[in-house]
>>> print(open('model11.tsv').read())   # TSV, C-alpha atoms and all ligand atoms
chain	number	residue	atom	x	y	z
S	1	MET	CA	60.91	80.11	122.62
S	2	THR	CA	64.01	81.33	124.45
S	3	GLU	CA	62.79	84.90	124.08
S	4	VAL	CA	59.55	84.21	125.96
S	5	MET	CA	61.51	82.55	128.78
S	6	GLU	CA	63.97	85.44	128.96
S	7	ILE	CA	61.07	87.89	129.28
S	8	ALA	CA	59.35	85.73	131.92
S	9	ALA	CA	62.56	85.33	133.92
S	10	ALA	CA	63.26	89.08	133.84
S	11	ILE	CA	59.75	89.94	135.09
S	12	ALA	CA	59.94	87.23	137.76
S	13	GLU	CA	63.25	88.45	139.16
S	14	GLU	CA	63.02	92.21	138.60
S	15	VAL	CA	59.30	92.93	139.12
S	16	LEU	CA	57.58	90.07	140.96
S	17	PHE	CA	60.07	88.64	143.46
S	18	PRO	CA	61.15	92.00	144.95
S	19	ARG	CA	57.46	92.68	145.79
S	20	ALA	CA	56.48	89.13	146.82
S	21	MET	CA	56.49	89.76	150.57
S	22	GLU	CA	54.60	93.04	150.18
S	23	VAL	CA	52.01	91.24	148.05
S	24	ASP	CA	51.79	88.42	150.59
S	25	ALA	CA	50.88	90.89	153.35
S	26	SER	CA	48.35	92.71	151.18
S	27	SER	CA	44.71	92.12	150.28
S	28	SER	CA	45.25	92.91	146.61
S	29	ILE	CA	48.03	92.63	144.05
S	30	PRO	CA	49.52	95.87	142.62
S	31	VAL	CA	48.09	96.39	139.14
S	32	GLU	CA	51.65	97.12	137.98
S	33	ASN	CA	52.48	93.41	138.30
S	34	PHE	CA	49.76	92.58	135.77
S	35	ASP	CA	50.67	95.55	133.58
S	36	ALA	CA	54.23	94.18	133.35
S	37	LEU	CA	52.88	90.81	132.18
S	38	ALA	CA	50.58	92.55	129.68
S	39	GLU	CA	53.32	94.82	128.28
S	40	ALA	CA	55.48	91.74	127.69
S	41	GLY	CA	52.65	90.08	125.73
S	42	LEU	CA	52.27	87.32	128.30
S	43	TYR	CA	48.45	87.60	128.48
S	44	GLY	CA	48.51	86.08	124.99
S	45	ILE	CA	51.39	83.70	125.67
S	46	PHE	CA	49.97	80.64	123.91
S	47	ALA	CA	47.70	82.36	121.36
S	48	PRO	CA	48.95	82.16	117.76
S	49	GLU	CA	51.03	85.09	116.58
S	50	GLU	CA	48.53	85.90	113.79
S	51	VAL	CA	45.90	86.82	116.39
S	52	GLY	CA	48.34	88.85	118.48
S	53	GLY	CA	49.73	86.16	120.80
S	54	LEU	CA	53.30	84.97	121.41
S	55	GLY	CA	52.59	81.50	120.01
S	56	ALA	CA	54.30	79.64	122.86
S	57	ASP	CA	54.02	75.84	122.83
S	58	SER	CA	52.81	73.89	125.87
S	59	GLY	CA	56.35	73.22	127.15
S	60	THR	CA	57.23	76.93	127.07
S	61	LEU	CA	53.93	77.79	128.73
S	62	ALA	CA	54.61	75.37	131.59
S	63	ALA	CA	58.17	76.66	132.00
S	64	ALA	CA	57.01	80.30	132.04
S	65	VAL	CA	54.35	79.58	134.69
S	66	GLU	CA	57.03	77.93	136.87
S	67	VAL	CA	59.50	80.80	136.56
S	68	LEU	CA	56.82	83.42	137.26
S	69	ALA	CA	55.38	81.43	140.18
S	70	ALA	CA	58.87	81.38	141.70
S	71	GLY	CA	58.72	85.18	141.48
S	72	CYS	CA	55.26	85.68	142.99
S	73	LEU	CA	52.78	82.83	143.30
S	74	ALA	CA	49.77	85.09	143.95
S	75	THR	CA	50.33	87.17	140.79
S	76	THR	CA	50.96	84.11	138.64
S	77	PHE	CA	47.91	82.37	140.08
S	78	VAL	CA	45.66	85.27	139.08
S	79	TRP	CA	47.32	85.62	135.67
S	80	ILE	CA	46.81	81.97	134.67
S	81	GLN	CA	43.05	82.26	135.25
S	82	HIS	CA	43.09	84.39	132.07
S	83	PHE	CA	44.04	81.34	129.97
S	84	GLY	CA	40.45	80.01	130.03
S	85	LEU	CA	39.15	83.18	128.41
S	86	VAL	CA	41.80	83.16	125.67
S	87	ARG	CA	41.31	79.43	124.94
S	88	ASN	CA	37.55	79.89	124.59
S	89	LEU	CA	37.79	83.10	122.57
S	90	LEU	CA	40.03	81.28	120.08
S	91	MET	CA	37.08	78.95	119.41
S	92	ALA	CA	34.28	81.51	119.86
S	93	PRO	CA	31.95	82.67	117.06
S	94	ALA	CA	33.51	85.34	114.82
S	95	PRO	CA	31.91	88.55	116.15
S	96	LEU	CA	32.99	87.93	119.76
S	97	ARG	CA	36.37	86.49	118.79
S	98	ASP	CA	37.15	89.38	116.45
S	99	GLN	CA	36.12	91.95	119.02
S	100	TRP	CA	37.75	90.50	122.14
S	101	LEU	CA	40.64	88.19	121.25
S	102	GLY	CA	43.12	90.96	120.41
S	103	PRO	CA	42.44	92.92	123.61
S	104	ALA	CA	42.58	89.66	125.63
S	105	CYS	CA	45.99	88.77	124.14
S	106	ARG	CA	47.27	92.28	124.89
S	107	GLY	CA	45.97	92.12	128.46
S	108	GLU	CA	43.68	95.10	127.86
S	109	ARG	CA	40.85	92.71	128.71
S	110	ARG	CA	41.72	90.51	131.72
S	111	GLY	CA	39.81	87.34	132.51
S	112	GLY	CA	38.99	85.18	135.50
S	113	ILE	CA	37.04	81.93	135.68
S	114	ALA	CA	33.93	80.70	137.43
S	115	PHE	CA	33.75	76.98	136.70
S	116	GLY	CA	30.94	76.14	139.14
S	117	GLY	CA	29.14	74.21	136.39
S	118	LEU	CA	32.06	71.79	135.96
S	119	LEU	CA	31.91	70.54	139.54
S	120	PRO	CA	30.75	66.92	139.74
S	121	GLY	CA	27.31	66.02	141.08
S	122	PRO	CA	24.07	67.98	140.79
S	123	PRO	CA	24.52	71.28	138.90
S	124	ARG	CA	25.56	74.14	141.20
S	125	LEU	CA	25.61	76.74	138.43
S	126	ARG	CA	23.09	76.51	135.58
S	127	ALA	CA	22.68	78.39	132.29
S	128	GLU	CA	18.98	78.44	131.44
S	129	PRO	CA	18.19	79.14	127.77
S	130	GLU	CA	16.04	82.18	126.92
S	131	PRO	CA	14.98	83.42	123.46
S	132	ASP	CA	17.95	85.81	123.00
S	133	GLY	CA	20.47	84.50	125.47
S	134	TRP	CA	21.02	82.75	128.78
S	135	ARG	CA	20.14	83.25	132.43
S	136	LEU	CA	22.69	82.19	135.06
S	137	VAL	CA	21.42	80.71	138.32
S	138	GLY	CA	23.48	79.22	141.14
S	139	SER	CA	26.96	79.80	142.53
S	140	ALA	CA	30.67	79.39	141.94
S	141	PRO	CA	32.49	78.73	145.22
S	142	TRP	CA	35.83	80.17	144.09
S	143	VAL	CA	36.56	83.04	141.70
S	144	THR	CA	40.08	84.46	141.81
S	145	GLY	CA	41.30	87.94	140.87
S	146	TRP	CA	38.24	90.01	141.77
S	147	GLY	CA	39.02	93.69	141.22
S	148	ARG	CA	41.87	92.83	138.85
S	149	ILE	CA	39.74	91.19	136.15
S	150	ASP	CA	37.08	92.76	133.95
S	151	THR	CA	35.73	89.63	132.28
S	152	LEU	CA	34.47	86.44	133.86
S	153	HIS	CA	34.57	83.20	131.89
S	154	VAL	CA	31.64	81.25	133.30
S	155	ALA	CA	31.22	77.50	132.69
S	156	ALA	CA	27.63	76.60	133.63
S	157	ARG	CA	25.51	73.51	133.13
S	158	GLY	CA	23.16	73.91	130.19
S	159	PRO	CA	20.23	71.80	129.06
S	160	ASP	CA	20.72	68.19	127.89
S	161	GLU	CA	24.02	67.56	129.72
S	162	THR	CA	25.89	70.47	128.17
S	163	ILE	CA	28.36	73.07	129.44
S	164	VAL	CA	27.71	76.64	128.33
S	165	HIS	CA	30.81	78.86	128.23
S	166	LEU	CA	29.85	82.52	128.64
S	167	ALA	CA	31.88	85.73	128.92
S	168	ILE	CA	30.31	88.22	131.32
S	169	ASP	CA	31.38	91.50	132.89
S	170	ALA	CA	33.14	90.92	136.21
S	171	GLU	CA	30.97	93.49	137.98
S	172	GLU	CA	28.56	93.14	140.87
S	173	GLY	CA	24.92	93.96	140.20
S	174	ARG	CA	22.17	92.75	137.89
S	175	GLY	CA	21.98	89.48	139.82
S	176	LEU	CA	25.72	88.92	140.42
S	177	SER	CA	27.06	89.29	143.96
S	178	VAL	CA	30.35	88.22	145.50
S	179	THR	CA	31.62	87.45	148.99
S	180	ARG	CA	35.32	87.57	149.80
S	181	GLN	CA	37.08	84.34	150.77
S	182	HIS	CA	39.75	85.07	153.39
S	183	LEU	CA	42.83	82.92	152.85
S	184	VAL	CA	46.02	82.15	154.79
S	185	ALA	CA	48.03	82.09	151.55
S	186	VAL	CA	47.65	84.04	148.28
S	187	GLU	CA	45.18	86.29	150.11
S	188	ALA	CA	46.10	89.08	147.68
S	189	SER	CA	44.58	86.99	144.88
S	190	ALA	CA	41.25	88.52	145.98
S	191	THR	CA	39.33	85.27	145.72
S	192	VAL	CA	35.55	85.47	146.12
S	193	ARG	CA	32.48	83.28	146.13
S	194	ALA	CA	30.09	84.34	143.35
S	195	GLN	CA	26.32	84.12	143.51
S	196	PHE	CA	24.29	84.27	140.30
S	197	ASP	CA	20.64	85.17	140.91
S	198	GLY	CA	19.26	85.22	137.37
S	199	VAL	CA	22.15	87.02	135.64
S	200	TRP	CA	21.08	87.79	132.06
S	201	VAL	CA	23.70	87.07	129.37
S	202	PRO	CA	22.95	88.02	125.74
S	203	ALA	CA	23.46	85.27	123.13
S	204	GLU	CA	26.44	87.07	121.56
S	205	ARG	CA	28.42	86.56	124.80
S	206	ALA	CA	28.27	82.76	124.39
S	207	MET	CA	31.70	81.37	123.50
S	208	ALA	CA	30.67	77.71	123.16
S	209	VAL	CA	28.11	75.09	124.11
S	210	VAL	CA	29.74	71.66	124.45
S	211	PRO	CA	28.76	68.27	125.88
S	212	PHE	CA	29.43	67.97	129.63
S	213	ASP	CA	32.38	65.62	129.88
S	214	PRO	CA	33.69	65.26	133.47
S	215	ALA	CA	36.89	63.68	132.10
S	216	ALA	CA	37.71	66.93	130.26
S	217	SER	CA	38.56	68.53	133.64
S	218	GLY	CA	41.22	65.90	134.32
S	219	GLY	CA	44.21	64.32	132.62
S	220	THR	CA	46.65	66.55	130.77
S	221	SER	CA	44.42	69.60	131.32
S	222	LEU	CA	45.84	69.56	134.88
S	223	ARG	CA	49.45	70.12	133.72
S	224	ALA	CA	49.67	73.95	133.97
S	225	ASN	CA	48.67	74.13	137.64
S	226	GLY	CA	51.52	71.70	138.40
S	227	SER	CA	53.95	74.44	137.44
S	228	LEU	CA	52.70	76.55	140.36
S	229	ALA	CA	54.07	73.87	142.70
S	230	LEU	CA	57.31	73.65	140.69
S	231	GLY	CA	57.65	77.43	141.08
S	232	VAL	CA	57.47	77.18	144.86
S	233	VAL	CA	60.06	74.36	144.83
S	234	ARG	CA	62.28	76.37	142.49
S	235	ARG	CA	62.33	79.35	144.86
S	236	CYS	CA	62.98	77.09	147.86
S	237	CYS	CA	65.95	75.57	146.00
S	238	GLN	CA	67.33	79.02	145.16
S	239	LEU	CA	67.05	80.18	148.77
S	240	MET	CA	68.54	76.96	150.21
S	241	GLY	CA	71.52	76.63	147.91
S	242	PRO	CA	72.57	73.34	146.33
S	243	SER	CA	70.79	70.28	147.79
S	244	SER	CA	69.17	67.01	146.74
S	245	LEU	CA	65.99	69.02	146.14
S	246	ASP	CA	67.55	70.29	142.89
S	247	VAL	CA	67.54	66.74	141.55
S	248	GLU	CA	64.00	66.14	142.79
S	249	LEU	CA	62.80	69.31	141.06
S	250	VAL	CA	64.22	68.16	137.72
S	251	ALA	CA	62.67	64.69	138.11
S	252	CYS	CA	59.29	66.05	139.18
S	253	ARG	CA	59.20	68.47	136.23
S	254	ALA	CA	60.12	65.65	133.84
S	255	GLU	CA	57.32	63.49	135.23
S	256	LEU	CA	54.78	66.29	134.74
S	257	ASP	CA	56.08	66.97	131.22
S	258	SER	CA	55.82	63.33	130.15
S	259	ALA	CA	52.56	62.44	131.95
S	260	GLY	CA	49.53	61.48	129.88
S	261	ASP	CA	45.88	61.46	130.84
S	262	PRO	CA	46.15	58.38	133.13
S	263	THR	CA	49.26	59.54	135.03
S	264	MET	CA	48.92	63.34	135.28
S	265	ALA	CA	47.01	63.30	138.59
S	266	LEU	CA	49.79	61.30	140.27
S	267	ALA	CA	52.43	63.62	138.83
S	268	ARG	CA	50.46	66.58	140.23
S	269	ALA	CA	50.27	64.89	143.64
S	270	ARG	CA	54.05	64.40	143.57
S	271	ALA	CA	54.60	68.07	142.71
S	272	SER	CA	52.36	69.28	145.55
S	273	GLU	CA	54.08	66.98	148.05
S	274	LEU	CA	57.50	68.15	146.85
S	275	ALA	CA	56.50	71.79	147.38
S	276	LEU	CA	55.43	70.91	150.92
S	277	ARG	CA	58.71	69.12	151.70
S	278	ALA	CA	60.88	71.74	149.99
S	279	SER	CA	59.30	74.56	151.97
S	280	ALA	CA	59.58	72.55	155.20
S	281	ALA	CA	63.26	71.87	154.47
S	282	LEU	CA	63.83	75.60	153.87
S	283	LEU	CA	62.15	76.46	157.18
S	284	VAL	CA	64.33	73.98	159.05
S	285	GLN	CA	67.52	75.06	157.29
S	286	GLN	CA	66.93	78.73	158.08
S	287	GLY	CA	65.88	78.05	161.67
S	288	SER	CA	63.79	80.31	163.88
S	289	ARG	CA	64.16	83.40	161.74
S	290	SER	CA	62.18	81.65	159.01
S	291	ILE	CA	59.00	82.01	161.03
S	292	ALA	CA	59.19	85.83	161.08
S	293	ARG	CA	56.51	87.51	158.96
S	294	HIS	CA	58.94	89.16	156.58
S	295	GLU	CA	60.73	85.91	155.68
S	296	HIS	CA	60.14	84.11	152.39
S	297	ALA	CA	60.36	80.67	154.02
S	298	GLN	CA	57.10	80.97	155.97
S	299	ARG	CA	55.34	82.48	152.93
S	300	LEU	CA	56.48	79.58	150.74
S	301	ALA	CA	55.32	77.07	153.37
S	302	ARG	CA	51.84	78.63	153.41
S	303	GLU	CA	51.80	78.67	149.62
S	304	ALA	CA	52.73	74.98	149.56
S	305	MET	CA	49.80	74.34	151.90
S	306	PHE	CA	47.48	76.16	149.47
S	307	LEU	CA	48.82	74.03	146.60
S	308	LEU	CA	47.86	70.85	148.46
S	309	VAL	CA	44.20	71.73	147.93
S	310	PHE	CA	43.93	74.19	145.05
S	311	GLY	CA	43.06	72.76	141.64
S	312	SER	CA	42.63	69.31	143.13
S	313	ARG	CA	40.70	66.38	141.70
S	314	ALA	CA	39.67	63.06	143.27
S	315	GLU	CA	42.75	61.29	141.83
S	316	ILE	CA	45.17	64.05	142.94
S	317	LYS	CA	43.66	64.01	146.40
S	318	SER	CA	43.93	60.22	146.77
S	319	GLY	CA	47.45	60.30	145.29
S	320	LEU	CA	48.49	62.92	147.83
S	321	LEU	CA	46.89	61.08	150.74
S	322	SER	CA	48.73	57.91	149.70
S	323	ARG	CA	52.01	59.82	149.74
S	324	LEU	CA	51.26	61.54	153.05
S	325	LEU	CA	49.81	58.42	154.75
S	326	PRO	CA	51.82	55.63	153.12
S	327	ASP	CA	50.73	52.96	155.61
S	328	GLY	CA	47.33	54.32	156.48
S	329	GLN	CA	43.95	55.21	155.13
S	330	ALA	CA	41.79	58.30	155.24
S	331	VAL	CA	38.07	58.67	154.87
S	332	ASP	CA	37.12	61.26	152.22
S	333	ARG	CA	35.18	64.12	153.84
S	401	LIG	C1	42.12	79.78	146.76
S	401	LIG	C2	41.39	79.08	145.67
S	401	LIG	C3	41.07	79.78	144.53
S	401	LIG	C4	40.34	79.17	143.51
S	401	LIG	N1	40.01	79.89	142.42
S	401	LIG	C5	39.19	79.37	141.48
S	401	LIG	C6	38.72	80.16	140.38
S	401	LIG	O1	39.10	81.31	140.19
S	401	LIG	N2	37.83	79.60	139.53
S	401	LIG	C7	37.39	78.31	139.68
S	401	LIG	O2	36.57	77.88	138.88
S	401	LIG	N3	37.86	77.52	140.69
S	401	LIG	C8	38.72	78.03	141.59
S	401	LIG	N4	39.14	77.27	142.64
S	401	LIG	C9	38.66	75.88	142.74
S	401	LIG	C10	39.70	74.88	142.25
S	401	LIG	O3	39.92	74.98	140.87
S	401	LIG	C11	39.27	73.45	142.53
S	401	LIG	O4	37.97	73.23	142.16
S	401	LIG	C12	39.38	73.19	143.96
S	401	LIG	O5	40.62	73.60	144.44
S	401	LIG	C13	39.23	71.71	144.27
S	401	LIG	O6	38.99	71.75	145.63
S	401	LIG	P1	37.76	71.00	146.24
S	401	LIG	O7	37.72	71.35	147.68
S	401	LIG	O8	36.56	71.18	145.37
S	401	LIG	O9	38.32	69.56	146.00
S	401	LIG	P2	38.25	68.25	146.81
S	401	LIG	O10	37.50	68.35	148.08
S	401	LIG	O11	39.66	67.83	146.88
S	401	LIG	O12	37.44	67.43	145.78
S	401	LIG	C14	36.05	67.64	145.51
S	401	LIG	C15	35.61	66.91	144.29
S	401	LIG	O13	35.35	67.84	143.26
S	401	LIG	C16	36.15	67.54	142.14
S	401	LIG	N5	36.47	68.79	141.49
S	401	LIG	C17	36.83	69.92	142.10
S	401	LIG	N6	36.97	70.89	141.19
S	401	LIG	C18	36.69	70.37	139.98
S	401	LIG	C19	36.63	70.89	138.67
S	401	LIG	N7	36.89	72.18	138.38
S	401	LIG	N8	36.30	70.05	137.67
S	401	LIG	C20	36.01	68.78	137.92
S	401	LIG	N9	36.03	68.23	139.14
S	401	LIG	C21	36.36	69.01	140.17
S	401	LIG	C22	37.28	66.79	142.69
S	401	LIG	O14	37.80	65.91	141.74
S	401	LIG	C23	36.65	65.98	143.79
S	401	LIG	O15	35.99	64.86	143.32
S	401	LIG	C24	39.91	77.83	143.65
S	401	LIG	C25	40.28	77.10	144.80
S	401	LIG	C26	41.00	77.72	145.80
S	401	LIG	C27	41.35	76.92	147.02
>>> encode(input="model11.tsv", output="structure tokens")
Amino acid sequence: MTEVMEIAAAIAEEVLFPRAMEVDASSSIPVENFDALAEAGLYGIFAPEEVGGLGADSGTLAAAVEVLAAGCLATTFVWIQHFGLVRNLLMAPAPLRDQWLGPACRGERRGGIAFGGLLPGPPRLRAEPEPDGWRLVGSAPWVTGWGRIDTLHVAARGPDETIVHLAIDAEEGRGLSVTRQHLVAVEASATVRAQFDGVWVPAERAMAVVPFDPAASGGTSLRANGSLALGVVRRCCQLMGPSSLDVELVACRAELDSAGDPTMALARARASELALRASAALLVQQGSRSIARHEHAQRLAREAMFLLVFGSRAEIKSGLLSRLLPDGQAVDR
């Protein structure tokens, strides 16, 4: 998979990193960043070659996410939301799969996710069955990439403890409304809160109906987001020059790569904490100039802050708090 990594590295260094500060100061990401990923085939990075993907294995996928995140975290963050759509289309009934999988792999169709139904506790987003389809009711607190995606992969609670995976148009109207979330990092990701007031979804847009298994949102499924943190550390290392952080990056990546279901959350916590420390070390090394708005160091520090909370789970959160408060305790709020 050297070829995939060469492509990813070239886009990261030649397209994404030169624009990273401009993106950071903007409210949306230039569509050209996504077009570059699409032209390189990266929207179908892990899909099998016979359906139009690059066929990358999980190790190559993780490595590509890291390299691209070191180029521009916001762009990579939006791009990886597309993975949910591709994964579900691969398993979807034939008419939808045949119609959409090719365009999704080519990045002609670009997906985001609204996983409100996966959140623990009482259902916040429900899919109510109707004779010829589903009706979506509730909300998804975070949906990233608005304006840069055309398809929303919705995971909503269905009847009898199920999760219904639906593919809907990422367009306001007909019961779907969005409100912008304003962020101190990755603001250009155009993240919104989505409200579903009886959104009608025809049956042929259903990708799968599966049992609701809270454990499915944990364990090794958390690996890919860990590469976002590794990407921030990687860029900090490059900007600092040789330091002990290089060794820590290698060790942290190895721990993520070898983690299984029981240990992945702790490996993720370690990666987030390392991004925080690496960006703090870069700030200190570069001194006062690092706090100027055009400097990468302050951007990376804000991005590390975002990665402390994004994609978290109870075990990641407690793992991080243990690392940050080694002798203390915190009450979950
Ligand atoms: C800027 C930003 C953009 C985001 N974009 C998206 C997006 O596009 N689509 C999307 O669906 N989500 C998105 N999220 C949500 C994200 O995936 C996590 O759900 C969220 O970061 C966890 O934060 P929390 O405050 O809910 O967690 P905490 O307060 O740390 O924990 C709340 C509880 O909810 C649990 N939990 C949270 N999320 C999940 C989940 N998905 N599955 C199972 N358990 C969960 C945690 O384990 C914990 O028990 C985004 C979050 C941020 C901050």
>>> closest_residue(input="model11.tsv", among="S:Gly241, S:Gly319, S:Gly226, S:Gly102", to="Glu50 (chain S)", atoms="only C-alpha atoms")
S:Gly102
>>> residues_near_ligand(input="model11.tsv", ligand="ligand LIG 401 (chain S)", cutoff="6 Å", atoms="all atoms listed in the file", output="list in words")
Ile113, Ala114, Phe115, Gly116, Leu118, Leu119, Pro120, Trp142, Val143, Thr144, Thr191, Ser217, Val309, Phe310, Gly311, Ser312, Arg313, Ala314 and Lys317 of chain S
>>> closest_residue(input="model11.tsv", among="S:Phe17, S:Phe212, S:Tyr43, S:Trp134", to="Gln81 (chain S)", atoms="all atoms listed in the file")
S:Tyr43
>>> residues_around(input="model11.tsv", residues="Leu176 (chain S)", least_positions_apart="5", cutoff="8 Å", atoms="all atoms listed in the file", output="count of residues only")
6
>>> closest_residue(input="model11.tsv", among="S:Arg126, S:Arg97, S:Arg19, S:His182", to="Pro159 (chain S)", atoms="only C-alpha atoms")
S:Arg126
>>> closest_residue(input="model11.tsv", among="S:Ile149, S:Leu136, S:Val51, S:Gly117", to="His82 (chain S)", atoms="all atoms listed in the file")
S:Ile149
>>> axis_aligned_box(input="model11.tsv", around="region 46-65 of chain S", padding_each_side="4 Å", output="lines of an AutoDock Vina configuration file")
center_x = 52.0
center_y = 81.0
center_z = 124.2
size_x = 20.3
size_y = 23.6
size_z = 28.9
>>> closest_residue(input="model11.tsv", among="S:Ala40, S:Leu249, S:Val210, S:Val233", to="Glu161 (chain S)", atoms="all atoms listed in the file")
S:Val210
>>> residues_around(input="model11.tsv", residues="Val65 (chain S)", least_positions_apart="6", cutoff="12 Å", atoms="all atoms listed in the file", output="JSON, numbers by chain")
{"S": [4, 5, 7, 8, 9, 11, 12, 37, 42, 43, 45, 46, 56, 58, 59, 71, 72, 73, 74, 75, 76, 77, 78, 79, 80, 81, 83, 223, 224, 225, 226, 227, 228, 229, 230, 231, 232, 234]}
>>> residues_around(input="model11.tsv", residues="Ala47 (chain S)", least_positions_apart="5", cutoff="8 Å", atoms="only C-alpha atoms", output="ChimeraX atom specification")
/S:52-56,86-87,90,105
>>> residues_around(input="model11.tsv", residues="Leu324 (chain S)", least_positions_apart="5", cutoff="12 Å", atoms="all atoms listed in the file", output="ChimeraX atom specification")
/S:269-270,272-274,276-277,308,317-319,329-330
>>> atom_distance(input="model11.tsv", atom1="CA of Asn33 (chain S)", atom2="CA of Ala292 (chain S)")
24.9 Å
>>> closest_residue(input="model11.tsv", among="S:Ser177, S:Ser189, S:Thr60, S:Ser221", to="Asp24 (chain S)", atoms="all atoms listed in the file")
S:Ser189
>>> residues_near_point(input="model11.tsv", point="(40.9, 91.3, 141.3)", cutoff="10 Å", atoms="all atoms listed in the file", output="JSON, numbers by chain")
{"S": [27, 28, 29, 30, 31, 78, 110, 111, 112, 143, 144, 145, 146, 147, 148, 149, 150, 170, 188, 189, 190, 191, 192]}
>>> atom_distance(input="model11.tsv", atom1="CA of Val137 (chain S)", atom2="CA of Trp200 (chain S)")
9.5 Å
>>> residues_around(input="model11.tsv", residues="Ala94 (chain S)", least_positions_apart="6", cutoff="12 Å", atoms="all atoms listed in the file", output="compact mmCIF listing (two decimals) with C-alpha atoms, in the coordinates of the input")
# COMPACT_ATOMS: atom_id res chain seq x y z
CA ASN S 88 37.55 79.89 124.59
CA TRP S 100 37.75 90.50 122.14
CA LEU S 101 40.64 88.19 121.25
CA GLU S 204 26.44 87.07 121.56
CA ARG S 205 28.42 86.56 124.80
CA ALA S 206 28.27 82.76 124.39
CA MET S 207 31.70 81.37 123.50
CA ALA S 208 30.67 77.71 123.16
